[in-house]
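Student: Got a file for you: structure-v2.txt, compact mmCIF, C-alpha atoms and all ligand atoms.
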```
# COMPACT_ATOMS: atom_id res chain seq x y z
CA MET A 1 -69.67 93.07 192.81
CA THR A 2 -71.42 95.51 190.52
CA THR A 3 -68.93 98.07 189.25
CA THR A 4 -69.75 100.83 186.81
CA ARG A 5 -67.87 103.78 185.50
CA PHE A 6 -68.47 107.16 183.95
CA ALA A 7 -65.69 107.81 181.47
CA PRO A 8 -65.70 111.33 180.11
CA SER A 9 -62.94 112.68 177.92
CA PRO A 10 -61.81 115.97 179.46
CA THR A 11 -62.14 117.88 176.21
CA GLY A 12 -65.14 120.00 177.21
CA TYR A 13 -67.83 120.57 179.82
CA ILE A 14 -70.37 117.90 180.65
CA HIS A 15 -73.74 118.43 178.99
CA VAL A 16 -77.15 116.85 179.38
CA GLY A 17 -76.16 114.01 177.04
CA ASN A 18 -73.16 112.96 179.15
CA LEU A 19 -75.14 113.49 182.29
CA ARG A 20 -77.55 110.79 181.22
CA THR A 21 -74.65 108.36 180.90
CA ALA A 22 -73.16 109.41 184.22
CA LEU A 23 -76.46 109.18 186.05
CA MET A 24 -77.43 105.76 184.72
CA ASN A 25 -74.06 104.27 185.65
CA TYR A 26 -74.20 105.93 189.05
CA LEU A 27 -77.72 104.66 189.78
CA ILE A 28 -76.92 101.11 188.72
CA ALA A 29 -73.90 101.01 191.03
CA ARG A 30 -75.74 102.54 193.97
CA LYS A 31 -78.83 100.40 193.59
CA ALA A 32 -76.67 97.28 193.68
CA GLY A 33 -74.54 98.59 196.55
CA GLY A 34 -71.58 98.48 194.16
CA THR A 35 -68.78 100.79 193.08
CA PHE A 36 -68.98 103.82 190.83
CA ILE A 37 -65.71 104.84 189.19
CA LEU A 38 -64.99 108.20 187.63
CA ARG A 39 -62.59 107.44 184.82
CA ILE A 40 -60.92 110.29 183.02
CA ASP A 41 -60.28 109.28 179.41
CA ASP A 42 -57.30 111.50 178.82
CA THR A 43 -55.09 109.56 176.44
CA ASP A 44 -55.21 112.42 173.94
CA PRO A 45 -52.71 114.92 175.38
CA GLU A 46 -53.57 117.65 172.88
CA ARG A 47 -57.29 117.76 173.46
CA SER A 48 -57.41 116.83 177.15
CA LYS A 49 -57.32 119.83 179.48
CA GLU A 50 -56.86 119.91 183.24
CA GLU A 51 -59.47 122.64 183.55
CA TYR A 52 -62.06 120.26 182.12
CA VAL A 53 -61.05 117.54 184.56
CA ASP A 54 -61.73 120.01 187.39
CA ALA A 55 -64.97 121.13 185.77
CA ILE A 56 -66.21 117.56 185.38
CA LYS A 57 -65.55 116.88 189.06
CA GLN A 58 -67.29 120.09 190.11
CA ASP A 59 -70.30 119.34 187.96
CA LEU A 60 -70.66 115.82 189.32
CA GLU A 61 -70.30 117.13 192.87
CA TRP A 62 -72.92 119.76 192.22
CA LEU A 63 -75.26 116.98 191.12
CA GLY A 64 -74.39 114.81 194.11
CA LEU A 65 -73.09 111.99 191.91
CA HIS A 66 -70.21 111.03 194.18
CA TRP A 67 -67.63 108.60 192.84
CA ASP A 68 -65.89 105.95 194.91
CA ARG A 69 -62.68 106.09 192.93
CA ILE A 70 -61.07 108.17 190.27
CA GLU A 71 -58.83 106.73 187.58
CA ARG A 72 -56.90 108.47 184.86
CA GLN A 73 -55.99 106.77 181.63
CA SER A 74 -52.90 108.94 181.23
CA GLU A 75 -51.47 107.20 184.31
CA ARG A 76 -52.05 103.72 182.92
CA LEU A 77 -50.16 103.85 179.65
CA ASP A 78 -47.92 100.93 180.70
CA ARG A 79 -51.01 98.74 181.08
CA TYR A 80 -52.11 99.56 177.55
CA ALA A 81 -48.63 98.85 176.22
CA ALA A 82 -48.72 95.45 177.92
CA ALA A 83 -52.12 94.70 176.36
CA ALA A 84 -50.80 95.76 172.94
CA ASP A 85 -47.86 93.36 173.35
CA LYS A 86 -50.25 90.57 174.16
CA LEU A 87 -52.34 91.27 171.08
CA ARG A 88 -49.17 91.19 168.99
CA GLU A 89 -48.12 87.91 170.56
CA ILE A 90 -51.40 86.20 169.78
CA GLY A 91 -51.39 87.48 166.23
CA ARG A 92 -54.37 89.82 166.54
CA PHE A 93 -52.50 93.08 165.98
CA TYR A 94 -50.98 94.37 162.76
CA GLU A 95 -49.28 97.49 161.58
CA ALA A 96 -50.78 99.40 158.65
CA PHE A 97 -49.29 102.33 156.80
CA GLU A 98 -52.03 103.87 154.64
CA THR A 99 -52.24 107.63 154.82
CA PRO A 100 -55.62 109.23 155.58
CA THR A 101 -55.87 110.23 151.92
CA GLU A 102 -55.28 106.68 150.76
CA LEU A 103 -57.87 105.36 153.16
CA ASP A 104 -60.32 107.95 151.97
CA LEU A 105 -59.76 106.92 148.38
CA LYS A 106 -60.31 103.27 149.24
CA ARG A 107 -63.55 104.14 150.98
CA LYS A 108 -64.80 106.16 148.02
CA LYS A 109 -64.03 103.32 145.62
CA GLN A 110 -65.88 100.81 147.81
CA LEU A 111 -68.88 103.11 148.11
CA ASN A 112 -68.90 103.63 144.33
CA MET A 113 -69.04 99.90 143.87
CA GLY A 114 -71.92 99.70 146.34
CA LYS A 115 -69.78 98.01 148.99
CA PRO A 116 -69.58 98.94 152.67
CA PRO A 117 -66.49 101.08 153.34
CA VAL A 118 -64.57 98.53 155.37
CA TYR A 119 -60.77 98.53 155.61
CA ASP A 120 -59.50 95.96 153.10
CA ARG A 121 -56.66 94.62 155.28
CA ALA A 122 -54.12 95.27 152.57
CA ALA A 123 -51.49 95.69 155.30
CA LEU A 124 -51.80 92.01 156.21
CA ASN A 125 -50.10 91.14 152.94
CA LEU A 126 -47.04 93.32 153.50
CA SER A 127 -43.73 91.49 153.76
CA ASP A 128 -41.27 92.47 156.48
CA ALA A 129 -39.12 94.20 153.89
CA GLU A 130 -42.09 96.19 152.59
CA LYS A 131 -43.01 97.25 156.12
CA GLU A 132 -39.45 98.30 156.74
CA ALA A 133 -39.46 100.39 153.59
CA LEU A 134 -42.81 102.00 154.46
CA ARG A 135 -41.64 102.72 157.98
CA ALA A 136 -38.51 104.39 156.65
CA GLU A 137 -40.62 106.47 154.29
CA ARG A 138 -43.66 107.30 156.43
CA GLY A 139 -42.68 106.64 160.01
CA ASN A 140 -44.42 104.11 162.27
CA GLY A 141 -47.72 102.75 161.09
CA VAL A 142 -50.96 102.50 163.03
CA TRP A 143 -51.81 99.27 164.84
CA ARG A 144 -55.08 97.60 163.95
CA PHE A 145 -56.88 94.86 165.81
CA LYS A 146 -57.67 91.93 163.56
CA LEU A 147 -61.32 91.14 164.03
CA ASP A 148 -62.57 87.58 163.72
CA HIS A 149 -65.08 87.66 160.92
CA GLU A 150 -68.04 86.20 162.71
CA ARG A 151 -71.21 87.65 164.16
CA ILE A 152 -70.70 89.50 167.42
CA GLU A 153 -73.71 89.13 169.65
CA TRP A 154 -74.77 90.40 173.01
CA LYS A 155 -77.90 90.93 175.04
CA ASP A 156 -78.08 94.66 175.47
CA GLY A 157 -79.72 96.01 178.62
CA ILE A 158 -81.69 98.49 176.56
CA LEU A 159 -81.54 97.39 172.91
CA GLY A 160 -82.19 93.72 173.57
CA ASP A 161 -80.47 91.18 171.30
CA VAL A 162 -77.82 92.82 169.16
CA SER A 163 -75.95 91.02 166.41
CA ILE A 164 -73.27 92.68 164.30
CA ASP A 165 -71.38 91.09 161.46
CA ALA A 166 -67.71 91.73 162.23
CA ALA A 167 -66.95 91.63 158.50
CA SER A 168 -68.98 94.84 158.12
CA VAL A 169 -66.66 96.68 160.51
CA SER A 170 -63.11 97.91 159.82
CA ASP A 171 -60.35 96.46 161.96
CA PRO A 172 -60.16 99.20 164.59
CA VAL A 173 -57.00 101.27 164.95
CA LEU A 174 -55.91 100.96 168.59
CA ILE A 175 -52.57 102.74 168.45
CA ARG A 176 -51.76 105.72 166.28
CA GLY A 177 -48.59 106.19 164.30
CA ASP A 178 -47.24 108.54 166.96
CA GLY A 179 -47.76 105.85 169.59
CA GLN A 180 -50.88 107.33 171.16
CA VAL A 181 -53.16 104.63 172.52
CA LEU A 182 -56.74 105.12 171.43
CA TYR A 183 -59.84 104.94 173.54
CA THR A 184 -61.03 101.60 172.17
CA LEU A 185 -58.05 99.75 173.62
CA ALA A 186 -57.61 101.83 176.77
CA SER A 187 -61.26 101.43 177.66
CA VAL A 188 -61.18 97.67 177.26
CA VAL A 189 -58.04 97.30 179.37
CA ASP A 190 -59.55 99.48 182.11
CA ASP A 191 -62.94 97.81 182.08
CA THR A 192 -61.26 94.42 182.36
CA GLU A 193 -58.67 95.30 184.99
CA MET A 194 -61.03 97.41 187.08
CA GLY A 195 -63.65 94.69 187.15
CA VAL A 196 -66.32 96.77 185.46
CA THR A 197 -69.47 94.67 185.32
CA ASP A 198 -71.94 97.05 183.67
CA VAL A 199 -71.38 99.64 180.98
CA VAL A 200 -74.11 102.06 180.00
CA ARG A 201 -73.27 104.50 177.23
CA GLY A 202 -74.78 106.20 174.22
CA ALA A 203 -76.03 104.32 171.19
CA ASP A 204 -73.25 105.95 169.17
CA HIS A 205 -70.96 103.38 170.82
CA VAL A 206 -72.74 100.26 169.54
CA THR A 207 -70.12 99.48 166.88
CA ASN A 208 -67.35 100.14 169.40
CA THR A 209 -68.97 97.64 171.69
CA ALA A 210 -68.90 94.99 169.00
CA THR A 211 -65.17 95.41 168.44
CA GLN A 212 -64.47 95.82 172.15
CA ILE A 213 -66.18 92.52 172.92
CA GLN A 214 -63.69 90.77 170.63
CA ILE A 215 -60.75 92.64 172.11
CA ILE A 216 -61.84 91.80 175.66
CA LYS A 217 -62.10 88.15 174.75
CA ALA A 218 -58.73 88.21 172.98
CA LEU A 219 -57.19 89.65 176.16
CA GLY A 220 -58.91 87.01 178.29
CA GLY A 221 -61.18 89.43 180.15
CA ASN A 222 -64.82 89.18 181.20
CA VAL A 223 -67.32 90.88 178.94
CA PRO A 224 -69.43 93.33 180.97
CA ASN A 225 -73.17 93.79 180.55
CA PHE A 226 -73.66 96.49 177.97
CA ALA A 227 -76.61 98.84 177.63
CA HIS A 228 -76.82 101.62 175.05
CA HIS A 229 -79.19 104.48 175.69
CA SER A 230 -80.69 106.36 172.80
CA LEU A 231 -79.39 109.75 171.86
CA LEU A 232 -81.14 112.90 172.98
CA THR A 233 -82.85 115.09 170.44
CA GLY A 234 -84.47 118.49 170.76
CA PRO A 235 -88.21 118.81 171.46
CA GLN A 236 -89.06 118.48 167.76
CA GLY A 237 -86.79 115.51 167.26
CA GLU A 238 -84.02 117.69 165.82
CA ALA A 239 -80.40 116.72 166.40
CA LEU A 240 -79.12 118.14 169.65
CA SER A 241 -75.44 117.72 168.93
CA LYS A 242 -74.90 121.31 167.83
CA ARG A 243 -76.80 122.73 170.76
CA LEU A 244 -75.17 120.58 173.41
CA GLY A 245 -72.62 123.35 173.83
CA THR A 246 -75.35 125.51 175.34
CA LEU A 247 -76.76 122.66 177.37
CA SER A 248 -73.73 122.22 179.56
CA LEU A 249 -74.40 121.59 183.21
CA ARG A 250 -72.72 124.91 183.97
CA ASP A 251 -75.23 126.77 181.82
CA LEU A 252 -78.13 124.96 183.40
CA ARG A 253 -76.79 125.68 186.86
CA GLU A 254 -76.43 129.34 185.97
CA GLN A 255 -79.97 129.40 184.70
CA GLY A 256 -81.02 128.23 188.14
CA VAL A 257 -81.87 124.61 187.37
CA GLN A 258 -81.76 122.53 190.55
CA PRO A 259 -79.79 119.26 190.57
CA MET A 260 -82.74 117.18 191.82
CA ALA A 261 -84.93 118.54 189.03
CA LEU A 262 -82.32 117.65 186.44
CA LEU A 263 -81.68 114.21 187.92
CA SER A 264 -85.38 113.45 188.28
CA LEU A 265 -85.95 114.22 184.62
CA MET A 266 -82.91 112.38 183.34
CA ALA A 267 -83.51 109.26 185.41
CA ARG A 268 -86.83 108.74 183.63
CA LEU A 269 -86.82 110.56 180.30
CA GLY A 270 -86.96 108.01 177.49
CA SER A 271 -88.16 105.22 179.80
CA SER A 272 -91.62 103.79 180.19
CA ASP A 273 -91.76 105.09 183.77
CA PRO A 274 -93.25 108.57 184.23
CA VAL A 275 -91.07 111.53 185.14
CA GLU A 276 -91.62 112.22 188.83
CA LEU A 277 -89.97 114.82 190.97
CA ARG A 278 -87.71 113.12 193.49
CA THR A 279 -86.46 115.17 196.36
CA ASP A 280 -83.64 112.94 197.44
CA MET A 281 -81.14 110.63 195.85
CA ALA A 282 -82.25 107.51 197.74
CA GLU A 283 -85.68 107.71 196.11
CA LEU A 284 -84.12 108.23 192.73
CA ILE A 285 -81.92 105.16 193.18
CA GLU A 286 -84.85 103.09 194.38
CA GLY A 287 -87.02 104.00 191.40
CA PHE A 288 -84.42 103.43 188.69
CA ASP A 289 -84.53 100.57 186.24
CA VAL A 290 -82.34 100.66 183.14
CA THR A 291 -84.38 97.97 181.39
CA ARG A 292 -87.33 100.37 181.21
CA PHE A 293 -85.53 102.59 178.71
CA GLY A 294 -86.34 102.38 175.03
CA ALA A 295 -84.23 102.43 171.89
CA ALA A 296 -86.06 105.32 170.22
CA PRO A 297 -84.40 108.75 170.28
CA THR A 298 -85.32 110.64 173.42
CA LYS A 299 -86.79 114.11 173.13
CA PHE A 300 -85.36 116.56 175.59
CA ASP A 301 -86.81 120.00 176.23
CA VAL A 302 -84.76 122.18 178.54
CA GLN A 303 -87.96 124.01 179.48
CA ASP A 304 -89.18 120.90 181.32
CA LEU A 305 -86.50 121.52 183.91
CA PHE A 306 -88.05 124.73 185.16
CA PRO A 307 -91.42 123.53 186.48
CA LEU A 308 -89.58 120.67 188.19
CA THR A 309 -87.13 123.14 189.70
CA ALA A 310 -89.99 125.32 190.93
CA ARG A 311 -91.74 122.36 192.51
CA TYR A 312 -88.55 121.19 194.13
CA LEU A 313 -87.83 124.59 195.62
CA GLN A 314 -91.30 124.71 197.15
CA THR A 315 -90.40 121.67 199.22
CA LEU A 316 -87.32 123.25 200.77
CA PRO A 317 -87.09 124.74 204.26
CA LEU A 318 -85.16 127.97 204.72
CA GLU A 319 -82.00 126.19 205.94
CA GLU A 320 -81.48 124.68 202.50
CA VAL A 321 -81.68 127.97 200.68
CA ALA A 322 -80.35 130.34 203.32
CA ASP A 323 -77.26 131.16 201.27
CA ALA A 324 -79.27 132.04 198.19
CA VAL A 325 -81.68 134.16 200.27
CA ALA A 326 -78.77 136.03 201.84
CA GLU A 327 -77.13 136.44 198.44
CA ALA A 328 -80.31 138.01 197.11
CA GLY A 329 -79.73 140.72 199.73
CA VAL A 330 -82.39 139.73 202.25
CA PRO A 331 -81.40 140.69 205.84
CA ALA A 332 -81.17 137.69 208.15
CA GLU A 333 -84.09 138.79 210.34
CA LEU A 334 -86.41 138.79 207.34
CA ALA A 335 -85.11 135.57 205.76
CA GLU A 336 -87.83 133.29 207.13
CA PRO A 337 -90.90 135.37 206.21
CA PHE A 338 -89.28 136.33 202.93
CA TRP A 339 -88.67 132.70 201.94
CA ASN A 340 -92.18 131.69 202.95
CA MET A 341 -93.55 134.45 200.77
CA ALA A 342 -91.24 133.86 197.83
CA ARG A 343 -91.02 130.08 197.55
CA GLU A 344 -94.39 129.72 195.87
CA ASN A 345 -93.58 132.50 193.44
CA ILE A 346 -90.22 131.59 192.01
CA THR A 347 -89.14 129.32 189.21
CA THR A 348 -85.49 129.34 190.22
CA LEU A 349 -83.49 130.84 193.07
CA ASN A 350 -82.34 133.47 190.59
CA ASP A 351 -85.83 134.99 190.95
CA LEU A 352 -85.29 135.76 194.64
CA LYS A 353 -83.40 138.93 193.87
CA GLY A 354 -86.33 140.45 192.01
CA TRP A 355 -88.75 139.73 194.83
CA TRP A 356 -86.35 141.19 197.37
CA GLU A 357 -85.92 144.30 195.25
CA LEU A 358 -89.68 144.70 195.22
CA CYS A 359 -89.76 144.35 199.00
CA ARG A 360 -86.86 146.72 199.51
CA ASP A 361 -87.54 149.41 196.93
CA GLY A 362 -91.22 149.03 196.23
CA ALA A 363 -92.58 149.06 192.72
CA GLU A 364 -93.77 151.69 190.30
CA PRO A 365 -97.45 151.71 191.38
CA LEU A 366 -99.96 150.62 188.80
CA ILE A 367 -103.11 152.66 189.50
CA ASP A 368 -106.04 152.97 187.09
CA ASP A 369 -107.64 156.39 186.94
CA GLU A 370 -110.89 155.20 188.44
CA ASP A 371 -108.99 153.75 191.42
CA ARG A 372 -106.89 156.78 192.18
CA GLU A 373 -109.07 158.15 194.90
CA PHE A 374 -109.76 154.73 196.34
CA VAL A 375 -106.07 153.89 196.62
CA ALA A 376 -105.30 157.25 198.26
CA GLN A 377 -108.05 156.66 200.78
CA ALA A 378 -106.84 153.14 201.45
CA MET A 379 -103.29 154.31 202.07
CA GLU A 380 -104.60 156.67 204.74
CA LEU A 381 -106.12 153.68 206.49
CA LEU A 382 -102.93 151.60 206.53
CA PRO A 383 -102.48 150.63 210.20
CA ASP A 384 -99.40 151.48 212.21
CA GLY A 385 -96.61 148.94 212.32
CA PRO A 386 -95.17 146.58 213.16
CA PHE A 387 -96.73 144.66 210.30
CA ASP A 388 -97.39 140.99 210.57
CA GLY A 389 -99.37 138.27 208.84
CA GLU A 390 -102.61 139.80 210.12
CA THR A 391 -102.03 143.31 208.89
CA TRP A 392 -103.34 142.80 205.36
CA GLY A 393 -106.60 141.28 206.64
CA LYS A 394 -107.15 144.05 209.16
CA TRP A 395 -106.30 146.77 206.69
CA THR A 396 -108.53 145.50 203.85
CA ALA A 397 -111.40 145.04 206.34
CA ALA A 398 -111.05 148.66 207.34
CA VAL A 399 -110.85 149.77 203.70
CA LYS A 400 -113.93 147.74 202.85
CA GLU A 401 -115.78 149.34 205.72
CA ALA A 402 -114.79 152.84 204.67
CA THR A 403 -115.27 152.52 200.91
CA GLY A 404 -117.85 149.82 200.47
CA ARG A 405 -115.63 148.04 197.95
CA LYS A 406 -115.21 144.30 198.15
CA GLY A 407 -113.74 141.27 196.35
CA LYS A 408 -111.58 141.91 193.33
CA GLY A 409 -112.53 145.59 193.20
CA LEU A 410 -111.05 145.96 196.66
CA PHE A 411 -107.98 143.74 196.46
CA MET A 412 -106.75 144.17 192.90
CA PRO A 413 -106.19 147.95 192.98
CA LEU A 414 -104.25 147.57 196.22
CA ARG A 415 -102.14 144.75 194.85
CA LYS A 416 -101.40 146.77 191.71
CA ALA A 417 -100.61 149.89 193.67
CA LEU A 418 -98.20 148.08 195.99
CA THR A 419 -96.52 145.67 193.61
CA GLY A 420 -97.04 147.17 190.17
CA MET A 421 -98.35 143.75 189.07
CA GLU A 422 -101.68 142.01 188.71
CA ARG A 423 -100.43 138.74 190.04
CA GLY A 424 -97.88 137.70 192.60
CA PRO A 425 -97.43 136.47 196.13
CA GLU A 426 -100.06 136.33 198.83
CA MET A 427 -100.50 139.94 199.86
CA ALA A 428 -100.80 138.96 203.51
CA ALA A 429 -97.30 137.47 203.33
CA LEU A 430 -95.87 140.23 201.19
CA LEU A 431 -97.16 143.28 203.01
CA PRO A 432 -95.03 142.86 206.16
CA LEU A 433 -91.97 142.66 203.91
CA LEU A 434 -92.60 145.83 201.95
CA GLN A 435 -89.92 148.03 203.46
CA VAL A 436 -91.08 151.24 201.77
CA ILE A 437 -94.56 150.88 203.18
CA ARG A 438 -93.19 150.08 206.61
CA ALA A 439 -90.90 153.07 206.44
CA ARG A 440 -93.76 155.36 205.51
CA LYS A 441 -95.74 154.62 208.61
N1 LIG A 501 -64.53 108.54 176.74
C1 LIG A 501 -65.58 107.86 176.04
C2 LIG A 501 -66.63 108.87 175.63
O1 LIG A 501 -66.73 109.91 176.26
C3 LIG A 501 -66.16 106.80 176.94
C4 LIG A 501 -67.13 105.92 176.28
C5 LIG A 501 -67.44 104.74 177.15
O2 LIG A 501 -68.25 104.90 178.07
O3 LIG A 501 -66.86 103.68 176.95
O4 LIG A 501 -67.33 108.67 174.67
```
Have the structure of the file written as structure tokens, please.

Tutor:
Amino acid sequence: MTTTRFAPSPTGYIHVGNLRTALMNYLIARKAGGTFILRIDDTDPERSKEEYVDAIKQDLEWLGLHWDRIERQSERLDRYAAAADKLREIGRFYEAFETPTELDLKRKKQLNMGKPPVYDRAALNLSDAEKEALRAERGNGVWRFKLDHERIEWKDGILGDVSIDAASVSDPVLIRGDGQVLYTLASVVDDTEMGVTDVVRGADHVTNTATQIQIIKALGGNVPNFAHHSLLTGPQGEALSKRLGTLSLRDLREQGVQPMALLSLMARLGSSDPVELRTDMAELIEGFDVTRFGAAPTKFDVQDLFPLTARYLQTLPLEEVADAVAEAGVPAELAEPFWNMARENITTLNDLKGWWELCRDGAEPLIDDEDREFVAQAMELLPDGPFDGETWGKWTAAVKEATGRKGKGLFMPLRKALTGMERGPEMAALLPLLQVIRARK
């Protein structure tokens, strides 16, 4: 059965980059009727924070990306220890004692000689006595996985055929000197034991994948299908990494971005399928195909989320936004006509407040000198309440009759006088909501 996972490290908030990974894995699982696991990669006790675990869950819930199961790496340390023992037993694991400074020096020397900076495996030549001496002097060493020096190949769901020479990669450190298990090992053990069949992640993991494939095989597990999506860049192709902090899902939510707008964009951006607004998850699942994504960096412009949000909001009936309408201060009896007026004129729900303030308090009238008399005359003709959808039509007909004005010369001065703006909602829909005008009659 298709099983995927989203495996964030709880060291920060989820941003648009992680969301892409989460969404793709979610959609693959749902499309296949499989299982989607939320896996918390929290083997680093210093950097992992409970508040981020909660935030990740809230963000995924906000998006509607529901997981079938949650797993935490910090609760599976015994499994990783067992895997480490197995690697030791089969002779694929060795202890190394170089300090970071020594490793750095080795790398610099290799680079100076024009060689790739690959760990030289000096530790493999240590005798037991030498190891003992180093351990006494420096404490426990790190544990490295001994790669087989052959080409590692896989058919990537996005990149196509990938082939990496294992000799160009350092033997990965899987356990630190202080005993902390690193992601590379923990992830492999989890993927194998949890029956993960498909792994989609960022292209920054390609080298990890190469080493993980060897580790999986060494542990006797099944190699999942891997797909690596390209990294997101800014609209001009600039690196996004520094700005991802401001592109957290929380920020986007606060800015009023709607989940379906965000998901619609992310499910297609960087693929050969066009971005289309989807209004429900089932459609999004149906229209998703990971093989349509390309290897080139994907340009992401946060501004694209706003027109999609606006279009999505226009499709919603009042029930779906009733809370936001109430929060904007709109009394329940006006919620329906207010929403019908406002929905075409907002980018996000955050804009509702401004429209309600206009309705409630009126606006500073914008009246050109040459219209002063006309507006005063028109106001005299405003019919008695209660106002409804017909009032504007009746009123402007009467004003036309009395003043001889028509078209723009008739409507624009009234719009500007009542709203303080040259553009805005349908006046017929707005007029019955203008509390100040109602109160005046
Ligand atoms: N915790 C890893 C990360 O956030 C997971 C990578 C993976 O999907 O294997 O990069």

Student: Grab me every residue within 9 Å of ligand LIG 501 (chain A), counting only C-alpha atoms and all ligand atoms, and send it over as number ranges by chain.

Tutor: A: 5-10, 18, 21, 39-42, 183-184, 187-188, 191, 199-202, 204-205, 208-209

Student: Specify the axis-aligned box that encloses all atoms of range 14-23 of chain A listed in the file after padding of 5 Å on each side, stating its centre and edge lengths in Å to one decimal as lines of an AutoDock Vina configuration file.

Tutor:
```
center_x = -74.0
center_y = 113.4
center_z = 181.5
size_x = 17.2
size_y = 20.1
size_z = 19.0
```

Student: Give the answer as one residue: which of A:Ala186, A:Asn125, A:Gln236, A:Lys146 has the shortest atom-to-atom distance to Arg72 in chain A, using all atoms listed in the file?

Tutor: A:Ala186

Student: Nearest to Ser248 in chain A among A:Ala55, A:Leu27, A:Leu174, A:Leu352, with distances taken over all atoms listed in the file: which residue is it?

Tutor: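 Using all atoms listed in the file, Ser248 in chain A sits closest to A:Ala55.
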
Student: From the set A:Leu431, A:Gln214, A:Gly17, A:Gly420, which residue has the shortest atom-to-atom contact distance to Asp368 in chain A, counting only C-alpha atoms?

Tutor: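 Of the candidates, the smallest distance to Asp368 in chain A is held by A:Gly420.
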
Student: Hey, what's within 6 Å of Thr197 in chain A if we count only C-alpha atoms and toss same-chain stuff fewer than 2 positions away? As number ranges by chain, please?

Tutor: A: 2-3, 224

Student: Would you mind reading off the distance between CA of Glu319 in chain A and CA of Pro337 in chain A, one decimal, in Å?

Tutor: 12.8 Å

Student: Show me, as a list in words, the residues that have an atom within 10 Å of range 391-404 of chain A when counting only C-alpha atoms, minus same-chain residues fewer than 2 positions from it.

Tutor: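 What passes the distance filter is Phe374, Val375, Gln377, Ala378, Met379, Glu380, Leu381, Leu382, Pro383, Asp384, Gly385, Pro386, Phe387, Asp388, Gly389, Lys406, Gly407, Gly409, Leu410, Phe411, Leu414, Glu426, Met427, Ala428, Ala429, Leu430, Leu431 and Pro432 of chain A.
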
Student: Which residue out of A:Asp171, A:Glu61, A:Asp78, A:Glu333 has the minimum interatomic distance to Tyr94 in chain A when all atoms listed in the file are used?

Tutor: A:Asp171

Student: Tell me, in Å to one decimal, how far CA of Ile158 in chain A is from CA of Tyr312 in chain A.

Tutor: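 One can read the CA of Ile158 in chain A to CA of Tyr312 in chain A distance as 29.5 Å.
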
Student: Determine, counting only C-alpha atoms, which protein, DNA and RNA residues have an atom within 9 Å of an atom of His66 in chain A; residues of the same chain fewer than 2 positions away are not included. Present the result as a ChimeraX atom specification.

Tutor: /A:26,36,38,60-61,63-64,68

Student: Using all atoms listed in the file, pick whichever of A:Asp301, A:Glu276, A:Asp165, A:Glu132 has the shortest atom-to-atom distance to Leu147 in chain A.

Tutor: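 Smallest distance to Leu147 in chain A is found for A:Asp165.
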
Student: Ranking A:Arg292, A:Leu19, A:Glu370, A:Arg144 by minimum distance to Leu232 in chain A and counting only C-alpha atoms, which one comes first?

Tutor: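 Of A:Arg292, A:Leu19, A:Glu370, A:Arg144, the one nearest Leu232 in chain A is A:Leu19, counting only C-alpha atoms.
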
Student: Report as a list of chain:residue names all protein, DNA and RNA residues lying within 10 Å of range 249-255 of chain A, evaluated on all atoms listed in the file, omitting residues in the same chain fewer than 6 positions from it.

Tutor: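 The neighbour list is A:Tyr13, A:Ile14, A:His15, A:Val16, A:Gly17, A:Asn18, A:Leu19, A:Ala55, A:Ile56, A:Gln58, A:Asp59, A:Leu60, A:Trp62, A:Leu63, A:Leu262, A:Val302, A:Leu305, A:Phe306, A:Thr348, A:Leu349, A:Asn350.
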
Student: Please output range 338-344 of chain A, rebuilt to include N, CA, C and O atoms, as a tab-separated table (two decimals), in the coordinates of the input.

Tutor:
```tsv
chain	number	residue	atom	x	y	z
A	338	PHE	N	-89.52	136.09	204.35
A	338	PHE	CA	-89.28	136.33	202.93
A	338	PHE	C	-89.35	135.02	202.15
A	338	PHE	O	-90.01	134.92	201.12
A	339	TRP	N	-88.68	133.99	202.65
A	339	TRP	CA	-88.67	132.70	201.94
A	339	TRP	C	-90.09	132.13	201.87
A	339	TRP	O	-90.52	131.62	200.84
A	340	ASN	N	-90.81	132.23	202.96
A	340	ASN	CA	-92.18	131.69	202.95
A	340	ASN	C	-93.06	132.41	201.94
A	340	ASN	O	-93.93	131.81	201.33
A	341	MET	N	-92.81	133.70	201.77
A	341	MET	CA	-93.55	134.45	200.77
A	341	MET	C	-93.11	134.07	199.36
A	341	MET	O	-93.90	133.83	198.47
A	342	ALA	N	-91.78	133.97	199.19
A	342	ALA	CA	-91.24	133.86	197.83
A	342	ALA	C	-91.30	132.45	197.24
A	342	ALA	O	-91.44	132.29	196.04
A	343	ARG	N	-91.21	131.44	198.08
A	343	ARG	CA	-91.02	130.08	197.55
A	343	ARG	C	-92.09	129.63	196.57
A	343	ARG	O	-91.82	128.86	195.66
A	344	GLU	N	-93.31	130.12	196.77
A	344	GLU	CA	-94.39	129.72	195.87
A	344	GLU	C	-94.37	130.53	194.59
A	344	GLU	O	-95.15	130.28	193.69
```
